[in-house]
Each structure stands twice: as structure tokens, then as C-alpha cells.
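Asks: Sharing a structure with you now.
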2 protein chains.
Amino acid sequence: MTSSTTTNSTNMTVYDFPVGPYPTRVRIAIAEKKLQMKIRFELVDLYKGEHKKPEFIEQKNYSGTLPVLELADGTLIAECTAITQYLDTLDGSPSLTGSTPLEQGIIHMMSKRAEIELLDAISVYFHHGTPGLGPLVELYQNPEWGFRQRDKAIRGMHYFDKVLQRQPFIAGDKFSMADITVIGGLVFAAIVNLEVPPECKALLSWYERMKKRESVATQPAFSS
Amino acid sequence: MTSSTTTNSTNMTVYDFPVGPYPTRVRIAIAEKKLQMKIRFELVDLYKGEHKKPEFIEQKNYSGTLPVLELADGTLIAECTAITQYLDTLDGSPSLTGSTPLEQGIIHMMSKRAEIELLDAISVYFHHGTPGLGPLVELYQNPEWGFRQRDKAIRGMHYFDKVLQRQPFIAGDKFSMADITVIGGLVFAAIVNLEVPPECKALLSWYERMKKRESVATQPAFSS
């Protein structure tokens with residue numbers, strides 16, 4: 001792990017791989033909340049398997065995944081949803097995870113659904129149905145499972161297309177954590193060359209809008 | 001789907017399979033929040049594959065899983081975490097999902113970790129490494145993947161044992177949604193005859209305490 005940027009005003013660290021789909025979710029949340037200046041990003045090289053090393057698993061995140069948020073006192077928060085929930089409620093005015101019980105319920109449902117049906121499915125495909133992070137990191141692969149998950153993700157794209165035919169954002173009429181999760185899914189789809197079917201016009205047009213948001217456009221995943 | 005109990009005061013419906021590990025999570029949350037009288041439970045028979053029928057998937061939950069909460073106006077909330085978040089914040093005093101950003105972050109992290117490392121892993125083992133819901137429902141099985149997930153769940157038990165060696169509850173010093181998720185995991189472990197290793201003393205002793213809570217003891221999953 002090598003430290004990249006640091007200033008005196010930072011009080012949190014994100015263990016990060018800047019172009020990774022999951023780190024991109026938290027990076028977008030940070031940008032939406034305008035918290036960039038308070039956070040130091042520390043690179044963990046996925047292609048070197050640094051996230052699977054015993055010291056990372058013991059000291060940072062048992063599940064061996066990125067991103068992880070570390071607070072000034074050393075408290076660790078892993079998992080994108082948990083990190084987003086924390087950062088979004090810090091200022092007392094949540095804008096990504098919902099202000100009412102109903103908003104919270106719908107946003108959490110749609111974000112979880114975007115994980116199950118799109119992002120996590122593509123992640124399994126990447127790690128099991130393609131060379132993934134390479135032979136030194138991918139010590140076990142189950143290609144058949146990987147291909148099933150790829151097909152599930154394509155069905156998921158059709159599902160989210162239907163959702164977006166009737167409303168402007170994934171969880172309703174406002175941008176939320178659920179949009180960010182679907183963005184993460186489409187970032188991963190591009191990495192594995194999984195094209196959004198051209199008939200998914202509502203999903204494609206939503207994605208064009210999303211890529212114009214400053215919080216999204218400024219991410220390393222979109223600068224090529 | 002056949003309706004089981006209904007009274008005039010009910011205004012929400014839970015699509016339910018009373019002994020199922022995931023439905024049990026929401027049932028415990030409902031009991032903790034003392035919302036039983038406001039909720040009508042409607043049986044969806046998993047062993048008949050009712051949750052995988054096109055009408056359930058189209059009308060209730062795209063992911064074809066239980067439980068699902070339906071509000072009086074027909075709004076649907078699927079996914080245990082989302083349902084718990086909704087029910088817990090309804091009364092303005094969340095007791096299961098955290099009151100501060102830090103509590104929320106830690107509880108969401110630990111609950112998600114309990115899904116990844118324990119409950120969801122055992123679910124995959126059940127559906128892929130055992131006969132699961134039977135040949136009419138389990139149309140595709142990948143036993144090798146199932147067995148890997150079983151082994152992951154055993155490692156997960158050791159992890160949560162370590163957590164409970166240093167604190168009384170899964171997310172710290174208070175009962176929370178994260179405890180409920182681990183309870184769901186151990187309910188599923190019993191169904192698939194996956195024993196908690198006897199050396200996991202802290203986990204076993206925590207589970208004995210949990211089974212004495214009224215919200216837990218009164219669940220169909222524990223009456224045998």
C-alpha cells in the first residue's frame with residue numbers, strides 16, 4: 001500500500017483502487033457529499049492481490065475487498081453501502097440514502113437489487129468467467145458459475161431499463177445511492193466488455209445523463 | 001399464496017415463509033419493534049416454488065426471494081436490510097439500525113458481512129450443494145460452488161466467534177440488525193446440518209443468549 005495524496009485537513013482514509021467499480025461507488029458518494037478534501041486515498045493494488053494478503057484481511061477488512069474507510073481514530077468501515085450510509089448521514093442531511101423511512105427502504109432495496117442483479121453478478125463473471133485479476137490472484141475459478149452470472153447481469157440490465165422507462169432515477173424521482181450502485185455495475189460491465197443491449201434505451205440514456213454529473217465525470221473510471 | 005392472519009388494524013403485508021432464515025430476520029425485526037399487530041403475514045410456499053413463479057417475480061419481487069413487505073398503498077419493499085431499515089425508522093427512534101452515522105455505518109457493515117460470510121454462503125450451499133428445495137425448484141445446481149460456500153461459512157463462524165470474544169454483540173455493545181443477520185445465518189446452518197464448531201465458544205454462548213430474547217424465541221424457526 002502506498003500513500004497517494006495527503007493534506008493536514010484530512011481525517012479519514014479510503015483504501016482505494018481508483019478505477020475499480022466498487023471503489024468508484026464510494027468515490028462518487030464522496031464527491032456528491034463534497035468530502036474530497038477530508039479524505040486521503042491510499043492505493044491497494046488489486047492486480048498484485050494486496051487486498052487478499054493476510055495483513056490486509058486481519059487489519060483492514062476480513063472480506064478482503066475494497067474500498068474500506070478508516071476514521072481518524074482507526075475505526076474501519078467496509079462495504080460500499082455501509083460507507084455511503086456513514087458519509088451521507090455525517091452532516092445530518094442525507095441526500096443519497098433517503099430522509100424518510102420510505103425513501104430509505106426503497107433506496108436500500110434498489111441498491112441491494114443492483115448489487116445482486118448487476119454489479120455483484122458481473123464481479124463473479126470477472127473473477128470466474130474471465131482471467132480476472134490474473135493467475136496469481138485468482139486461485140480458484142468456477143467458469144460455469146461465472147457465465148451464469150454474466151447472463152443474470154444481462155437480464156438485470158433489461159430489468160433496470162424497465163425501471164427507468166417509468167421513472168428518472170433508479171429509486172424514483174431523485175438521484176440516490178441506488179443510481180451509484182447501477183453506475184458501478186456499468187463501470188464493471190465496460191471492464192469485462194459486456195455491452196448494454198442496444199434495446200435498453202432508457203438505461204443507456206440514463207447512463208449518459210449520469211456520466212455528465214460532476215461526481216461521476218471526474219472519476220478515474222471515466223477518464224480514458 | 002394463501003392468506004393466514006388478518007385483522008382490521010393491519011396495514012402492511014409481509015410475504016412470508018415462517019421458518020425461512022431470511023423471513024425470520026424480518027420477523028425478529030418486527031417483534032423487536034412490536035409491530036406484529038400491524039402486519040398481515042401471507043404464506044408463499046418456497047417448496048412449491050411460488051417465489052419463482054412469473055406472477056410473483058413480476059408483481060412482488062424481481063429477485064424472486066422472500067420476504068417482501070407490501071405497504072397499504074401497494075408499495076413493495078424487498079430485501080431484509082431495506083425492510084428492516086424502513087420498519088426501524090418508522091417510529092423515529094431506530095433501535096436496530098443505529099442512531100448516529102457511526103452506529104449506522106458499523107451496523108450496516110457487520111450485517112452485510114454476516115450475509116457475505118455466513119448467511120448468503122449457507123444459502124448457496126443449500127441451493128447448490130444439497131437437494132435444496134427439490135428438483136422442481138432447483139433447476140440448476142453447481143455443487144462445487146455450493147461446497148466452497150459451505151467452507152466459507154465455517155470460516156465465517158470462526159470470524160464472528162472472534163468478534164464476540166471482544167464485544168457482547170455483533171456490531172458492538174448493543175443488539176442490532178447485525179445480530180439478527182447472524183441469527184439468520186445460524187438458523188440456516190441448522191437447516192443444512194452445518195454445526196457451529198465447538199471451539200467457537202463465544203459464538204455459541206452469544207447464540208444461547210439470543211435464543212432467549214422474546215423476539216427470537218417466539219419465531220417458528222425455533223419451535224420444534
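Residues are named by chain letter and number: chains run A, B, ... in the order of the C-alpha cells, numbers start at 1 in each chain, and ligands are numbered from 1 in the order shown.
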Going by DSSP on the backbone, which bits of segment 20-178 of chain A are strand (DSSP E or B)? Write them as a PDB file with C-alpha atoms, in the first residue's frame, please.
Replies:
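Printed below is result_33.pdb as written:
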ATOM      1  CA  ILE A  39     -10.189  12.168   2.743  1.00  0.00           C
ATOM      2  CA  ARG A  40      -6.802  10.680   1.987  1.00  0.00           C
ATOM      3  CA  PHE A  41      -6.838   7.919  -0.620  1.00  0.00           C
ATOM      4  CA  GLU A  42      -4.418   5.035  -0.157  1.00  0.00           C
ATOM      5  CA  LEU A  43      -3.794   2.729  -3.083  1.00  0.00           C
ATOM      6  CA  VAL A  68     -12.542   0.425   3.186  1.00  0.00           C
ATOM      7  CA  LEU A  69     -12.959   3.693   5.101  1.00  0.00           C
ATOM      8  CA  GLU A  70     -10.701   4.309   8.102  1.00  0.00           C
ATOM      9  CA  LEU A  76     -12.805   0.728  10.000  1.00  0.00           C
ATOM     10  CA  ILE A  77     -15.950   0.694   7.869  1.00  0.00           C
ATOM     11  CA  ALA A  78     -16.028  -1.728   4.940  1.00  0.00           C
ATOM     12  CA  PHE A 169     -33.749   7.572 -11.341  1.00  0.00           C
ATOM     13  CA  GLY A 172     -37.666   7.130  -8.017  1.00  0.00           C
TER      14      GLY A 172
END
Asks: With 8 Å as the limit and counting only C-alpha atoms, what residues in chain B lie close to chain A? Please list them as a VMD selection string.
Replies: chain B and resid 63 77 to 79 81 to 87 89 to 90 100 to 102 104 to 109 112 to 113 117 142 145
Asks: Within 7 Å of His127 of chain B, counting only C-alpha atoms, which residues show up once you throw out same-chain ones fewer than 4 positions away? Write them as an MDAnalysis selection string, please.
Replies: chainID B and resid 123 131:132 138 141
Asks: Once you have the residues from the selection above, write them out as a short mmCIF file (atom, residue, chain, number, x, y, z; two decimals), in the first residue's frame, restricted to N, CA and C atoms.
Replies:
data_model
loop_
_atom_site.label_atom_id
_atom_site.label_comp_id
_atom_site.auth_asym_id
_atom_site.auth_seq_id
_atom_site.Cartn_x
_atom_site.Cartn_y
_atom_site.Cartn_z
N SER B 123 -26.85 -20.20 2.18
CA SER B 123 -27.95 -20.27 1.23
C SER B 123 -27.48 -20.88 -0.10
N PRO B 131 -29.92 -31.11 -1.83
CA PRO B 131 -31.11 -31.11 -2.70
C PRO B 131 -31.90 -29.81 -2.65
N GLY B 132 -31.62 -28.95 -1.69
CA GLY B 132 -32.26 -27.64 -1.63
C GLY B 132 -33.77 -27.75 -1.54
N GLU B 138 -35.11 -26.41 -7.90
CA GLU B 138 -33.66 -26.22 -8.15
C GLU B 138 -33.34 -26.67 -9.58
N GLN B 141 -27.99 -26.56 -10.56
CA GLN B 141 -27.16 -26.64 -9.36
C GLN B 141 -25.69 -26.72 -9.76
#
Asks: Which residues are near segment 25-34 of chain A? Cut-off 6 Å, only C-alpha atoms, ignore same chain within fewer than 6 positions. Put them as number ranges by chain.
Replies: A: 180, 184, 215-216
Asks: For Phe126 of chain A, find every residue with an atom within 9 Å (counting only C-alpha atoms), except residues of its own chain fewer than 5 positions away, and show them as a count of residues only.
Replies: 9
Asks: So, counting only C-alpha atoms, which residue among A:Val44, A:Ala72, A:Lys52, A:Leu35 is closest to Thr13 of chain A?
Replies: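 For Thr13 of chain A, the nearest of the given residues is A:Ala72.
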Asks: What is the atom CA of Asn11 of chain A-atom CA of Ser93 of chain A distance in Å, reported with one decimal?
Replies: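 That distance, rounded to one decimal, is 20.1 Å.
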Asks: Excluding Leu204 of chain B and its own-chain neighbours fewer than 4 positions away, which residues fall within 10 Å of it when counting only C-alpha atoms? Please give them as a list in words.
Replies: Met157, Asp161, Leu164, Leu186, Val196, Pro197, Pro198, Glu199, Cys200, Glu208, Arg209 and Met210 of chain B
Asks: Between atom CA of Gly185 of chain A and atom CA of Val124 of chain B, what is the spacing in Å?
Replies: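 Going from atom CA of Val124 of chain B over to atom CA of Gly185 of chain A, I get 21.9 Å.
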Asks: For atom CA of Asp45 of chain B and atom CA of Gln59 of chain B, determine how far apart the two atoms are, in Å to one decimal place.
Replies: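 For atom CA of Asp45 of chain B relative to atom CA of Gln59 of chain B, the distance reads 16.1 Å.
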Asks: Could you give me the residues within chain B that DSSP places in helix (DSSP H, G or I), as a PyMOL selection string?
Replies: chain B and resi 21-32+36-38+46-48+50-52+54-59+80-89+101-129+143-166+177-191+201-212+214-217+220-222
Asks: Might you pull out every residue within 8 Å of Thr24 of chain B, with only C-alpha atoms counted and same-chain residues fewer than 6 positions away left off, and present them as a list in words?
Replies: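 Listed by chain and then number, they are Pro18, Gly184, Gln219 and Ala221 of chain B.
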Asks: Could you turn the residues from that selection into a file that holds C-alpha atoms, as a short mmCIF file (atom, residue, chain, number, x, y, z; two decimals), in the first residue's frame?
Replies:
data_model
loop_
_atom_site.label_atom_id
_atom_site.label_comp_id
_atom_site.auth_asym_id
_atom_site.auth_seq_id
_atom_site.Cartn_x
_atom_site.Cartn_y
_atom_site.Cartn_z
CA PRO B 18 -42.38 -18.60 8.60
CA GLY B 184 -30.49 -15.87 10.28
CA GLN B 219 -40.21 -17.42 15.96
CA ALA B 221 -37.82 -21.33 13.27
#
Asks: So, with only C-alpha atoms as the atoms that count, which of B:Ile154, B:Met37, B:Leu96, B:Leu136 lies closest to Ser176 of chain B?
Replies: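 Counting only C-alpha atoms, the residue closest to Ser176 of chain B is B:Leu96.
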